[in-house]
file start_8.tsv (TSV, C-alpha atoms and all ligand atoms)
chain	number	residue	atom	x	y	z
A	1	MET	CA	0.00	0.00	0.00
A	2	SER	CA	1.12	3.58	-0.59
A	3	THR	CA	3.23	5.49	1.89
A	4	ILE	CA	1.86	8.97	2.54
A	5	LEU	CA	3.76	11.73	4.30
A	6	VAL	CA	1.39	13.85	6.38
A	7	THR	CA	2.87	17.25	7.22
A	8	GLY	CA	1.09	18.75	10.22
A	9	GLY	CA	-0.10	15.23	11.01
A	10	ALA	CA	-0.05	15.87	14.76
A	11	GLY	CA	-2.58	18.71	14.38
A	12	TYR	CA	-6.35	18.70	14.53
A	13	ILE	CA	-7.31	17.69	10.98
A	14	GLY	CA	-4.01	15.89	10.35
A	15	SER	CA	-4.40	13.50	13.31
A	16	HIS	CA	-7.93	12.52	12.23
A	17	THR	CA	-6.72	12.01	8.66
A	18	VAL	CA	-3.84	9.79	9.82
A	19	VAL	CA	-6.38	7.58	11.60
A	20	GLU	CA	-8.55	7.29	8.47
A	21	LEU	CA	-5.48	6.60	6.30
A	22	VAL	CA	-4.49	3.68	8.52
A	23	LYS	CA	-8.09	2.43	8.48
A	24	ALA	CA	-8.08	2.54	4.66
A	25	GLY	CA	-4.82	0.54	4.50
A	26	TYR	CA	-2.34	3.35	3.75
A	27	ASP	CA	0.99	3.77	5.53
A	28	PRO	CA	1.08	7.34	6.83
A	29	ILE	CA	4.20	9.03	8.22
A	30	ILE	CA	3.68	12.08	10.41
A	31	PHE	CA	5.91	15.15	10.05
A	32	ASP	CA	5.33	18.00	12.52
A	33	ASN	CA	7.25	20.61	14.51
A	34	PHE	CA	4.65	20.75	17.33
A	35	SER	CA	4.29	24.50	16.96
A	36	ASN	CA	0.54	23.97	17.38
A	37	ALA	CA	0.25	20.37	18.58
A	38	LYS	CA	1.30	18.21	21.50
A	39	PRO	CA	3.35	15.00	21.44
A	40	ALA	CA	0.58	13.40	23.56
A	41	VAL	CA	-1.44	13.01	20.36
A	42	LEU	CA	0.91	10.28	19.10
A	43	PRO	CA	0.07	7.57	21.68
A	44	ARG	CA	-3.61	8.43	21.25
A	45	ILE	CA	-3.36	7.84	17.50
A	46	LYS	CA	-1.63	4.55	18.29
A	47	GLN	CA	-4.42	3.60	20.67
A	48	ILE	CA	-7.10	4.22	18.02
A	49	CYS	CA	-5.19	2.57	15.17
A	50	GLY	CA	-3.87	-0.40	17.11
A	51	ARG	CA	-0.37	0.31	15.83
A	52	SER	CA	2.09	3.15	16.01
A	53	VAL	CA	2.55	5.57	13.12
A	54	PRO	CA	6.10	6.62	12.19
A	55	PHE	CA	6.91	10.18	13.16
A	56	TYR	CA	9.51	12.78	12.17
A	57	ALA	CA	10.01	15.93	14.24
A	58	GLY	CA	10.87	18.70	11.83
A	59	ASP	CA	10.05	22.04	10.30
A	60	ILE	CA	8.85	22.20	6.70
A	61	ARG	CA	10.99	25.31	6.18
A	62	VAL	CA	14.25	23.54	6.98
A	63	ARG	CA	15.40	21.63	3.90
A	64	GLU	CA	17.55	19.03	5.74
A	65	GLN	CA	14.66	18.25	8.09
A	66	MET	CA	12.14	18.10	5.26
A	67	GLU	CA	14.42	15.78	3.28
A	68	ARG	CA	14.84	13.17	6.02
A	69	PRO	CA	11.59	11.25	5.49
A	70	PHE	CA	12.22	11.25	1.72
A	71	LYS	CA	15.78	9.93	2.18
A	72	GLU	CA	14.66	7.19	4.52
A	73	ASN	CA	11.40	6.08	2.85
A	74	LYS	CA	9.83	5.76	-0.57
A	75	ILE	CA	7.10	8.39	-0.24
A	76	ASP	CA	4.25	8.00	-2.74
A	77	GLY	CA	2.39	11.18	-1.88
A	78	VAL	CA	2.15	14.07	0.56
A	79	ILE	CA	-0.87	15.47	2.33
A	80	HIS	CA	0.18	18.94	3.39
A	81	PHE	CA	-1.54	20.26	6.52
A	82	ALA	CA	1.42	22.01	8.16
A	83	GLY	CA	0.85	25.72	8.50
A	84	LEU	CA	-0.26	28.50	10.79
A	85	LYS	CA	-4.00	29.09	10.72
A	86	ALA	CA	-5.13	31.91	13.03
A	87	VAL	CA	-6.71	34.65	10.91
A	88	GLY	CA	-6.40	37.42	13.54
A	89	GLU	CA	-2.81	36.51	14.42
A	90	SER	CA	-1.90	36.59	10.72
A	91	VAL	CA	-2.96	40.24	10.52
A	92	LYS	CA	-0.51	41.05	13.32
A	93	LYS	CA	2.28	38.77	12.07
A	94	PRO	CA	2.04	38.70	8.26
A	95	LEU	CA	5.70	37.89	7.67
A	96	GLU	CA	5.58	34.91	10.01
A	97	TYR	CA	2.56	33.61	8.09
A	98	TYR	CA	4.17	34.03	4.66
A	99	ASP	CA	7.38	32.47	5.95
A	100	ASN	CA	5.76	29.49	7.62
A	101	ASN	CA	3.02	28.79	5.09
A	102	VAL	CA	4.32	29.97	1.71
A	103	HIS	CA	8.06	29.55	2.20
A	104	GLY	CA	7.49	26.25	4.02
A	105	SER	CA	5.36	24.96	1.13
A	106	THR	CA	8.06	26.03	-1.34
A	107	VAL	CA	10.66	23.96	0.50
A	108	LEU	CA	8.31	20.96	0.65
A	109	LEU	CA	7.47	21.16	-3.07
A	110	GLU	CA	11.18	21.54	-3.97
A	111	VAL	CA	12.02	18.42	-1.99
A	112	MET	CA	9.11	16.53	-3.58
A	113	ARG	CA	10.23	17.56	-7.06
A	114	ASP	CA	13.86	16.65	-6.34
A	115	TYR	CA	12.93	13.24	-4.93
A	116	GLY	CA	10.47	12.47	-7.75
A	117	CYS	CA	7.41	12.45	-5.48
A	118	HIS	CA	4.64	13.99	-7.57
A	119	ASN	CA	1.43	13.52	-5.57
A	120	PHE	CA	0.53	16.62	-3.56
A	121	ILE	CA	-2.69	17.16	-1.63
A	122	PHE	CA	-3.08	20.58	-0.07
A	123	SER	CA	-5.27	21.89	2.79
A	124	SER	CA	-6.87	24.89	1.22
A	125	SER	CA	-9.90	26.72	2.47
A	126	SER	CA	-13.22	28.22	1.47
A	127	THR	CA	-11.59	31.50	2.52
A	128	VAL	CA	-10.14	31.69	-1.03
A	129	TYR	CA	-13.66	32.56	-2.24
A	130	GLY	CA	-13.84	35.65	0.03
A	131	GLU	CA	-17.34	37.14	0.38
A	132	PRO	CA	-19.30	35.01	-2.11
A	133	ASP	CA	-21.35	36.63	-4.88
A	134	LYS	CA	-23.66	33.64	-4.65
A	135	VAL	CA	-24.05	30.46	-2.65
A	136	PRO	CA	-23.63	27.54	-2.74
A	137	LEU	CA	-20.00	27.88	-3.77
A	138	THR	CA	-18.78	25.70	-6.62
A	139	GLU	CA	-15.10	25.12	-7.39
A	140	ASP	CA	-15.24	27.60	-10.25
A	141	SER	CA	-16.56	30.43	-8.08
A	142	PRO	CA	-14.15	33.37	-8.37
A	143	ILE	CA	-11.10	33.53	-6.12
A	144	LYS	CA	-11.07	36.88	-4.35
A	145	ARG	CA	-8.18	38.76	-2.80
A	146	ALA	CA	-8.15	37.51	0.77
A	147	ASN	CA	-8.98	39.77	3.68
A	148	SER	CA	-6.17	38.38	5.83
A	149	PRO	CA	-2.57	37.31	5.30
A	150	TYR	CA	-3.64	33.79	6.33
A	151	GLY	CA	-6.20	33.61	3.53
A	152	GLN	CA	-3.73	35.07	1.06
A	153	THR	CA	-1.18	32.35	1.88
A	154	LYS	CA	-3.80	29.74	0.88
A	155	ILE	CA	-4.31	31.49	-2.48
A	156	ASP	CA	-0.55	31.87	-3.01
A	157	ILE	CA	0.15	28.19	-2.25
A	158	GLU	CA	-2.67	27.09	-4.57
A	159	TYR	CA	-1.18	29.18	-7.40
A	160	MET	CA	2.37	28.02	-6.67
A	161	ALA	CA	1.35	24.35	-6.82
A	162	GLU	CA	-0.61	24.94	-10.04
A	163	GLU	CA	2.37	26.68	-11.66
A	164	LEU	CA	4.65	23.83	-10.60
A	165	GLN	CA	2.24	21.33	-12.16
A	166	LYS	CA	2.45	23.24	-15.46
A	167	ALA	CA	6.24	23.15	-15.33
A	168	VAL	CA	6.48	19.52	-14.17
A	169	PRO	CA	3.44	17.83	-15.74
A	170	GLU	CA	3.93	14.54	-13.85
A	171	PHE	CA	2.64	16.32	-10.74
A	172	SER	CA	-0.82	15.50	-9.45
A	173	VAL	CA	-1.87	18.55	-7.45
A	174	THR	CA	-5.06	18.27	-5.40
A	175	LEU	CA	-6.44	21.39	-3.75
A	176	LEU	CA	-9.04	20.60	-1.09
A	177	ARG	CA	-11.03	23.63	-0.01
A	178	TYR	CA	-12.40	22.94	3.45
A	179	PHE	CA	-15.44	24.64	4.84
A	180	ASN	CA	-15.69	24.70	8.68
A	181	PRO	CA	-14.22	21.58	10.32
A	182	VAL	CA	-15.69	20.78	13.75
A	183	GLY	CA	-16.20	17.77	16.04
A	184	ALA	CA	-13.79	15.08	17.06
A	185	HIS	CA	-13.09	11.37	16.76
A	186	GLU	CA	-15.91	9.38	18.34
A	187	SER	CA	-13.45	7.74	20.77
A	188	GLY	CA	-12.95	11.11	22.47
A	189	LEU	CA	-9.18	10.48	22.32
A	190	ILE	CA	-8.27	13.08	19.70
A	191	GLY	CA	-9.83	16.46	18.98
A	192	GLU	CA	-9.24	20.16	18.63
A	193	ASP	CA	-6.96	21.69	21.27
A	194	PRO	CA	-6.43	25.37	20.47
A	195	ARG	CA	-3.85	27.36	22.41
A	196	GLY	CA	-5.29	30.17	24.52
A	197	ILE	CA	-8.78	31.54	24.01
A	198	PRO	CA	-10.32	29.89	20.93
A	199	ASN	CA	-11.04	32.09	17.92
A	200	ASN	CA	-13.38	29.61	16.30
A	201	LEU	CA	-16.97	29.01	17.27
A	202	MET	CA	-17.02	25.28	18.09
A	203	PRO	CA	-14.05	25.13	20.50
A	204	TYR	CA	-15.46	28.24	22.18
A	205	LEU	CA	-18.82	26.47	22.62
A	206	THR	CA	-17.19	23.34	24.04
A	207	GLN	CA	-15.06	25.33	26.49
A	208	VAL	CA	-18.11	27.23	27.75
A	209	ALA	CA	-19.91	23.89	28.11
A	210	VAL	CA	-17.20	22.49	30.41
A	211	GLY	CA	-16.94	25.74	32.38
A	212	ARG	CA	-13.48	26.70	31.15
A	213	LEU	CA	-15.01	29.86	29.64
A	214	GLU	CA	-18.02	31.72	30.98
A	215	CYS	CA	-20.20	32.76	28.09
A	216	LEU	CA	-20.18	32.76	24.29
A	217	THR	CA	-20.38	36.14	22.60
A	218	ILE	CA	-22.23	35.92	19.30
A	219	PHE	CA	-20.55	38.33	16.89
A	220	GLY	CA	-23.36	40.40	15.37
A	221	LYS	CA	-27.13	39.92	15.23
A	222	ASP	CA	-28.11	42.16	12.32
A	223	TYR	CA	-26.65	40.34	9.33
A	224	PRO	CA	-28.93	39.89	6.30
A	225	THR	CA	-29.69	36.24	7.19
A	226	PRO	CA	-32.94	34.71	8.52
A	227	ASP	CA	-31.94	35.06	12.20
A	228	GLY	CA	-29.39	37.86	11.80
A	229	THR	CA	-26.29	35.72	12.52
A	230	CYS	CA	-23.67	34.48	10.04
A	231	ILE	CA	-24.03	31.21	8.20
A	232	ARG	CA	-21.32	28.57	7.69
A	233	ASP	CA	-21.01	25.04	6.36
A	234	TYR	CA	-19.83	23.03	9.41
A	235	ILE	CA	-18.34	19.66	8.54
A	236	HIS	CA	-17.40	16.83	10.93
A	237	VAL	CA	-13.62	16.42	11.00
A	238	VAL	CA	-13.94	12.66	10.38
A	239	ASP	CA	-15.87	13.38	7.17
A	240	LEU	CA	-13.11	15.78	6.20
A	241	ALA	CA	-10.56	13.05	6.90
A	242	THR	CA	-12.40	10.50	4.73
A	243	GLY	CA	-12.53	13.20	2.04
A	244	HIS	CA	-8.72	13.13	1.99
A	245	VAL	CA	-8.70	9.35	1.65
A	246	ALA	CA	-11.19	9.59	-1.24
A	247	ALA	CA	-9.08	12.30	-2.91
A	248	LEU	CA	-5.96	10.20	-2.49
A	249	LYS	CA	-7.61	7.14	-4.07
A	250	HIS	CA	-8.84	9.19	-7.01
A	251	CYS	CA	-5.91	11.53	-7.64
A	252	LEU	CA	-2.84	9.42	-6.84
A	253	ASP	CA	-0.69	9.22	-9.98
A	254	LYS	CA	-3.27	11.15	-12.00
A	255	PRO	CA	-1.26	14.11	-13.30
A	256	GLY	CA	-3.10	17.41	-13.39
A	257	VAL	CA	-4.75	19.84	-11.01
A	258	HIS	CA	-7.76	18.57	-9.09
A	259	ILE	CA	-9.86	20.95	-7.01
A	260	TYR	CA	-12.63	19.94	-4.61
A	261	ASN	CA	-14.82	21.66	-2.06
A	262	LEU	CA	-15.13	19.60	1.11
A	263	GLY	CA	-18.33	20.68	2.82
A	264	THR	CA	-21.77	19.30	3.55
A	265	GLY	CA	-23.77	21.69	1.37
A	266	THR	CA	-25.85	22.85	4.36
A	267	GLY	CA	-25.46	26.21	6.04
A	268	TYR	CA	-26.15	26.76	9.74
A	269	SER	CA	-26.28	30.08	11.57
A	270	VAL	CA	-24.47	30.82	14.82
A	271	ILE	CA	-27.83	30.63	16.59
A	272	ASP	CA	-28.50	27.21	15.01
A	273	MET	CA	-25.15	26.09	16.43
A	274	VAL	CA	-25.90	27.40	19.92
A	275	LYS	CA	-29.29	25.63	19.88
A	276	ALA	CA	-27.77	22.35	18.67
A	277	PHE	CA	-25.06	22.57	21.29
A	278	SER	CA	-27.53	23.39	24.06
A	279	LYS	CA	-29.46	20.27	23.07
A	280	ALA	CA	-26.29	18.16	23.24
A	281	ILE	CA	-25.49	19.32	26.77
A	282	GLY	CA	-29.07	19.26	28.01
A	283	HIS	CA	-29.35	22.92	29.05
A	284	GLU	CA	-29.08	26.33	27.43
A	285	LEU	CA	-25.49	27.29	26.75
A	286	PRO	CA	-24.68	30.74	28.22
A	287	HIS	CA	-24.49	33.23	25.36
A	288	LYS	CA	-24.91	36.94	24.66
A	289	PHE	CA	-24.73	39.17	21.62
A	290	GLY	CA	-21.80	41.43	20.85
A	291	PRO	CA	-20.63	43.55	17.93
A	292	ARG	CA	-19.78	42.11	14.54
A	293	ARG	CA	-16.28	40.66	14.10
A	294	GLU	CA	-14.33	42.53	11.46
A	295	GLY	CA	-13.86	40.68	8.20
A	296	ASP	CA	-16.58	38.05	8.79
A	297	VAL	CA	-18.20	36.63	5.67
A	298	VAL	CA	-22.00	36.75	5.98
A	299	CYS	CA	-22.95	33.45	4.43
A	300	CYS	CA	-20.81	30.66	3.02
A	301	TYR	CA	-21.63	27.06	2.17
A	302	ALA	CA	-20.43	24.56	-0.36
A	303	ASP	CA	-21.82	22.90	-3.39
A	304	PRO	CA	-20.10	19.55	-2.68
A	305	SER	CA	-21.43	17.78	-5.81
A	306	LYS	CA	-18.09	17.67	-7.64
A	307	ALA	CA	-16.55	15.65	-4.78
A	308	LYS	CA	-19.61	13.40	-4.76
A	309	ASN	CA	-19.57	12.78	-8.52
A	310	GLU	CA	-15.82	12.39	-8.99
A	311	LEU	CA	-14.56	11.09	-5.64
A	312	GLY	CA	-17.67	9.23	-4.57
A	313	TRP	CA	-17.42	11.10	-1.27
A	314	VAL	CA	-20.16	12.72	0.80
A	315	ALA	CA	-20.21	14.01	4.35
A	316	THR	CA	-22.38	11.65	6.40
A	317	HIS	CA	-22.21	13.10	9.92
A	318	THR	CA	-25.13	15.23	11.12
A	319	LEU	CA	-25.04	18.42	13.16
A	320	GLU	CA	-26.01	16.28	16.16
A	321	ASP	CA	-22.95	14.05	15.57
A	322	MET	CA	-20.73	17.13	15.34
A	323	THR	CA	-21.92	18.68	18.61
A	324	ARG	CA	-21.99	15.32	20.46
A	325	ASP	CA	-18.44	14.40	19.46
A	326	ALA	CA	-17.04	17.89	20.09
A	327	TYR	CA	-18.57	17.87	23.57
A	328	ASN	CA	-17.45	14.31	24.28
A	329	TRP	CA	-13.84	15.24	23.41
A	330	GLN	CA	-13.89	18.34	25.59
A	331	LYS	CA	-15.55	16.53	28.52
A	332	ASN	CA	-12.94	13.77	28.41
A	333	ASN	CA	-10.11	16.30	28.02
A	334	PRO	CA	-11.20	19.55	29.70
A	335	ASN	CA	-7.69	20.94	29.32
A	336	GLY	CA	-6.98	19.36	25.96
A	337	TYR	CA	-3.94	17.10	25.65
A	338	ASP	CA	-2.52	18.43	28.92
A	339	ASP	CA	-4.72	16.10	30.97
B	401	LIG	P1	-3.47	22.62	13.38
B	401	LIG	O1	-2.76	23.84	13.82
B	401	LIG	O2	-4.13	21.78	14.40
B	401	LIG	O3	-2.49	21.69	12.52
B	401	LIG	C1	-1.39	22.20	11.80
B	401	LIG	C2	-0.18	21.39	12.23
B	401	LIG	O4	0.95	21.86	11.50
B	401	LIG	C3	0.16	21.55	13.71
B	401	LIG	O5	0.32	20.25	14.27
B	401	LIG	C4	1.47	22.31	13.73
B	401	LIG	O6	2.30	21.94	14.83
B	401	LIG	C5	2.07	21.94	12.38
B	401	LIG	N1	2.97	22.94	11.81
B	401	LIG	C6	2.77	24.28	11.68
B	401	LIG	N2	3.84	24.85	11.10
B	401	LIG	C7	4.73	23.87	10.84
B	401	LIG	C8	6.03	23.85	10.27
B	401	LIG	N3	6.62	24.96	9.85
B	401	LIG	N4	6.67	22.66	10.16
B	401	LIG	C9	6.08	21.51	10.59
B	401	LIG	N5	4.86	21.48	11.16
B	401	LIG	C10	4.20	22.66	11.28
B	401	LIG	O7	-4.53	23.08	12.27
B	401	LIG	P2	-5.70	22.26	11.56
B	401	LIG	O8	-6.99	22.87	11.97
B	401	LIG	O9	-5.48	20.81	11.71
B	401	LIG	O10	-5.44	22.70	10.06
B	401	LIG	C11	-4.64	21.94	9.18
B	401	LIG	C12	-4.54	22.67	7.85
B	401	LIG	O11	-5.87	22.88	7.33
B	401	LIG	C13	-3.89	24.05	7.96
B	401	LIG	O12	-3.09	24.26	6.82
B	401	LIG	C14	-5.08	24.98	7.93
B	401	LIG	O13	-4.75	26.24	7.41
B	401	LIG	C15	-6.05	24.24	7.01
B	401	LIG	N6	-7.45	24.62	7.23
B	401	LIG	C16	-7.96	24.55	8.49
B	401	LIG	C17	-9.27	24.93	8.71
B	401	LIG	C18	-9.86	24.92	10.10
B	401	LIG	O14	-10.86	25.57	10.34
B	401	LIG	N7	-9.30	24.17	11.05
B	401	LIG	C19	-10.07	25.37	7.64
B	401	LIG	C20	-9.51	25.40	6.36
B	401	LIG	C21	-8.19	25.02	6.17
B	402	LIG	N1	-18.43	33.33	16.14
B	402	LIG	C1	-19.08	33.92	17.21
B	402	LIG	N2	-18.46	33.94	18.43
B	402	LIG	C2	-17.23	33.37	18.63
B	402	LIG	C3	-16.59	32.75	17.54
B	402	LIG	C4	-17.21	32.76	16.31
B	402	LIG	O1	-20.19	34.44	17.06
B	402	LIG	O2	-16.71	33.44	19.74
B	402	LIG	C5	-19.09	33.31	14.82
B	402	LIG	C6	-18.30	34.03	13.75
B	402	LIG	O3	-18.63	35.41	13.75
B	402	LIG	C7	-18.77	33.32	12.49
B	402	LIG	C8	-19.06	31.89	12.97
B	402	LIG	O4	-19.19	31.97	14.38
B	402	LIG	O5	-19.97	33.89	12.05
B	402	LIG	C9	-17.95	30.91	12.63
B	402	LIG	O6	-16.72	31.47	13.08
B	402	LIG	P1	-15.36	30.67	12.98
B	402	LIG	O7	-14.27	31.59	13.45
B	402	LIG	O8	-15.51	29.36	13.68
B	402	LIG	O9	-15.23	30.34	11.43
B	402	LIG	P2	-14.92	31.33	10.17
B	402	LIG	O10	-15.58	32.64	10.46
B	402	LIG	O11	-13.46	31.42	10.07
B	402	LIG	O12	-15.56	30.63	9.01

call {"tool": "encode", "arguments": {"input": "start_8.tsv", "output": "structure tokens"}}
result
Amino acid sequence: MSTILVTGGAGYIGSHTVVELVKAGYDPIIFDNFSNAKPAVLPRIKQICGRSVPFYAGDIRVREQMERPFKENKIDGVIHFAGLKAVGESVKKPLEYYDNNVHGSTVLLEVMRDYGCHNFIFSSSSTVYGEPDKVPLTEDSPIKRANSPYGQTKIDIEYMAEELQKAVPEFSVTLLRYFNPVGAHESGLIGEDPRGIPNNLMPYLTQVAVGRLECLTIFGKDYPTPDGTCIRDYIHVVDLATGHVAALKHCLDKPGVHIYNLGTGTGYSVIDMVKAFSKAIGHELPHKFGPRREGDVVCCYADPSKAKNELGWVATHTLEDMTRDAYNWQKNNPNGYDD
């Protein structure tokens, strides 16, 4: 079976994808510098998979470190999750974001080219579509200049990989544009463990639910949506992980550029999420309204039909599954991997 290098494989989406890769019979190798992950995730992955997964500590920006797994293994493809992802932080530290995400991806792609590894799957984001002209978003919706350095790094890496594919036609470049990943593995052993106060809605909800935070502030209540709060396409992280496996099966050794939205196709408002979460915990989750958050897109959800038709993949987890599993993870690990 194919050996797949997973950069950022100790992180939130990466760890869930490693588990699904093992389940599907692939041999993943994790590469991570733990800048936003904890080593404690590795034994948990082992516990779920029933075997350990090889691991390299390294930084994608450092060529000698990035080369090691290629020198020591025959790597068939790379799933590239490693990167910094906090939108607000990227506004304050743009150079760090370009260095880590864009420069890091350049080093990785150089090493892949030099070692003759031509299968590249990249973690892109619905953020490349900016404020949509219309929803649902298809893969040929226009790419808009991003409203944060983080979002711009996703656009830049997409373009860089596409240009490389033109220059080296053996490359199979797959760009997966994720909508809003939430939830956790049903075992409650792995999940999202953000540093500090969470920026994203779901980890904020789970931390209020376990009493680590007091009250959710809903950012804005006068958006032009049915209940006045923003709408997103939340997708269970395990569905996202199986989307990677489906993309790998379909795109491995198929030269070209392949682009897929990974979403459910259903949009939920912030209020929908609070209600669903309150149901999961059996009482109303403390929440209040606050001002709008700068830069928020009003309404964004996917048309996932291309992934369904070409990859045979659909998201199967419901909103109830997402809230239940997110809560289960947080309850079992109130302080994340530090417990
Ligand atoms: P995460 O922070 O949990 O995972 C990223 C991993 O990459 C971490 O384990 C981190 O330690 C590692 N890493 C960062 N810089 C590195 C470097 N220079 N060298 C080696 N390892 C490095 O984030 P995630 O939520 O799992 O996201 C994974 C990818 O998906 C990211 O590229 C992110 O931008 C993208 N994405 C995430 C979301 C989301 O909402 N979570 C949405 C769309 C796209
Ligand atoms: N949100 C909120 N309070 C929070 C965090 C998020 O009301 O503490 C809202 C946010 O304004 C957006 C939605 O929840 O409308 C999803 O936000 P998130 O940051 O999770 O995803 P993104 O906006 O990056 O798609």

call {"tool": "residues_around", "arguments": {"input": "start_8.tsv", "residues": "stretch 199-203 of chain A", "least_positions_apart": "4", "cutoff": "12 Å", "atoms": "all atoms listed in the file", "output": "ChimeraX atom specification"}}
result
/A:12,85-89,180-184,191-195,207-210,212-213,215-219,230-232,234-237,269-274,276-277,287,293,296,319,322-331,334-336

call {"tool": "closest_residue", "arguments": {"input": "start_8.tsv", "among": "A:Cys117, A:Ala241, A:Val111, A:Val53", "to": "ligand LIG 401 (chain B)", "atoms": "all atoms listed in the file"}}
result
A:Ala241

call {"tool": "atom_distance", "arguments": {"input": "start_8.tsv", "atom1": "atom CA of A:Phe55", "atom2": "atom CA of A:Asp32"}}
result
8.0 Å

call {"tool": "closest_residue", "arguments": {"input": "start_8.tsv", "among": "A:Tyr56, A:Phe171, A:Tyr150, A:Phe70", "to": "A:Asp253", "atoms": "only C-alpha atoms"}}
result
A:Phe171

call {"tool": "atom_distance", "arguments": {"input": "start_8.tsv", "atom1": "atom CA of A:Ile13", "atom2": "atom CA of A:Glu64"}}
result
25.4 Å

call {"tool": "atom_distance", "arguments": {"input": "start_8.tsv", "atom1": "atom CA of A:Gly77", "atom2": "atom CA of A:Ile4"}}
result
5.0 Å

call {"tool": "residues_around", "arguments": {"input": "start_8.tsv", "residues": "stretch 172-179 of chain A", "least_positions_apart": "3", "cutoff": "9 Å", "atoms": "all atoms listed in the file", "output": "PyMOL selection string"}}
result
chain A and resi 118-128+139+158+161-162+164-165+169+232-235+240+243-244+247-248+251-264+300-302

call {"tool": "closest_residue", "arguments": {"input": "start_8.tsv", "among": "A:Arg292, A:His80, A:His317, A:Lys74", "to": "ligand LIG 402 (chain B)", "atoms": "all atoms listed in the file"}}
result
A:Arg292

call {"tool": "closest_residue", "arguments": {"input": "start_8.tsv", "among": "A:Arg44, A:Lys306, A:His103, A:Lys134", "to": "ligand LIG 401 (chain B)", "atoms": "all atoms listed in the file"}}
result
A:His103

call {"tool": "closest_residue", "arguments": {"input": "start_8.tsv", "among": "A:Glu110, A:Glu96, A:Glu186, A:Glu131", "to": "ligand LIG 401 (chain B)", "atoms": "all atoms listed in the file"}}
result
A:Glu96

call {"tool": "axis_aligned_box", "arguments": {"input": "start_8.tsv", "around": "ligand LIG 401 (chain B)", "padding_each_side": "8 Å", "output": "JSON"}}
result
{"center_x": -2.1, "center_y": 23.2, "center_z": 10.5, "size_x": 33.5, "size_y": 22.0, "size_z": 24.7}

call {"tool": "residues_around", "arguments": {"input": "start_8.tsv", "residues": "A:Gly14", "least_positions_apart": "5", "cutoff": "8 Å", "atoms": "all atoms listed in the file", "output": "mmCIF file with C-alpha atoms, in the coordinates of the input"}}
result
data_model
loop_
_atom_site.group_PDB
_atom_site.id
_atom_site.type_symbol
_atom_site.label_atom_id
_atom_site.label_comp_id
_atom_site.auth_asym_id
_atom_site.auth_seq_id
_atom_site.Cartn_x
_atom_site.Cartn_y
_atom_site.Cartn_z
ATOM 1 C CA VAL A 6 1.390 13.850 6.380
ATOM 2 C CA THR A 7 2.870 17.250 7.220
ATOM 3 C CA GLY A 8 1.090 18.750 10.220
ATOM 4 C CA GLY A 9 -0.100 15.230 11.010
ATOM 5 C CA PHE A 81 -1.540 20.260 6.520
ATOM 6 C CA ALA A 241 -10.560 13.050 6.900
#

call {"tool": "closest_residue", "arguments": {"input": "start_8.tsv", "among": "A:Asn147, A:Gln47, A:Ser90, A:Thr138", "to": "A:Ser305", "atoms": "only C-alpha atoms"}}
result
A:Thr138

call {"tool": "build_atoms", "arguments": {"input": "start_8.tsv", "residues": "stretch 204-214 of chain A", "atoms": "N, CA and C atoms", "output": "short mmCIF file (atom, residue, chain, number, x, y, z; two decimals), keeping the file's coordinate frame"}}
result
data_model
loop_
_atom_site.label_atom_id
_atom_site.label_comp_id
_atom_site.auth_asym_id
_atom_site.auth_seq_id
_atom_site.Cartn_x
_atom_site.Cartn_y
_atom_site.Cartn_z
N TYR A 204 -14.96 27.29 21.18
CA TYR A 204 -15.46 28.24 22.18
C TYR A 204 -16.69 27.65 22.88
N LEU A 205 -17.60 27.09 22.06
CA LEU A 205 -18.82 26.47 22.62
C LEU A 205 -18.45 25.34 23.59
N THR A 206 -17.51 24.50 23.19
CA THR A 206 -17.19 23.34 24.04
C THR A 206 -16.54 23.81 25.35
N GLN A 207 -15.73 24.87 25.26
CA GLN A 207 -15.06 25.33 26.49
C GLN A 207 -16.03 26.04 27.43
N VAL A 208 -17.07 26.68 26.87
CA VAL A 208 -18.11 27.23 27.75
C VAL A 208 -18.86 26.06 28.40
N ALA A 209 -19.13 25.04 27.60
CA ALA A 209 -19.91 23.89 28.11
C ALA A 209 -19.22 23.21 29.29
N VAL A 210 -17.88 23.16 29.29
CA VAL A 210 -17.20 22.49 30.41
C VAL A 210 -16.78 23.49 31.50
N GLY A 211 -17.20 24.74 31.35
CA GLY A 211 -16.94 25.74 32.38
C GLY A 211 -15.56 26.36 32.32
N ARG A 212 -14.81 26.09 31.26
CA ARG A 212 -13.48 26.70 31.15
C ARG A 212 -13.62 28.16 30.74
N LEU A 213 -14.69 28.47 29.99
CA LEU A 213 -15.01 29.86 29.64
C LEU A 213 -16.43 30.12 30.11
N GLU A 214 -16.74 31.42 30.35
CA GLU A 214 -18.02 31.72 30.98
C GLU A 214 -19.22 31.75 30.04
#
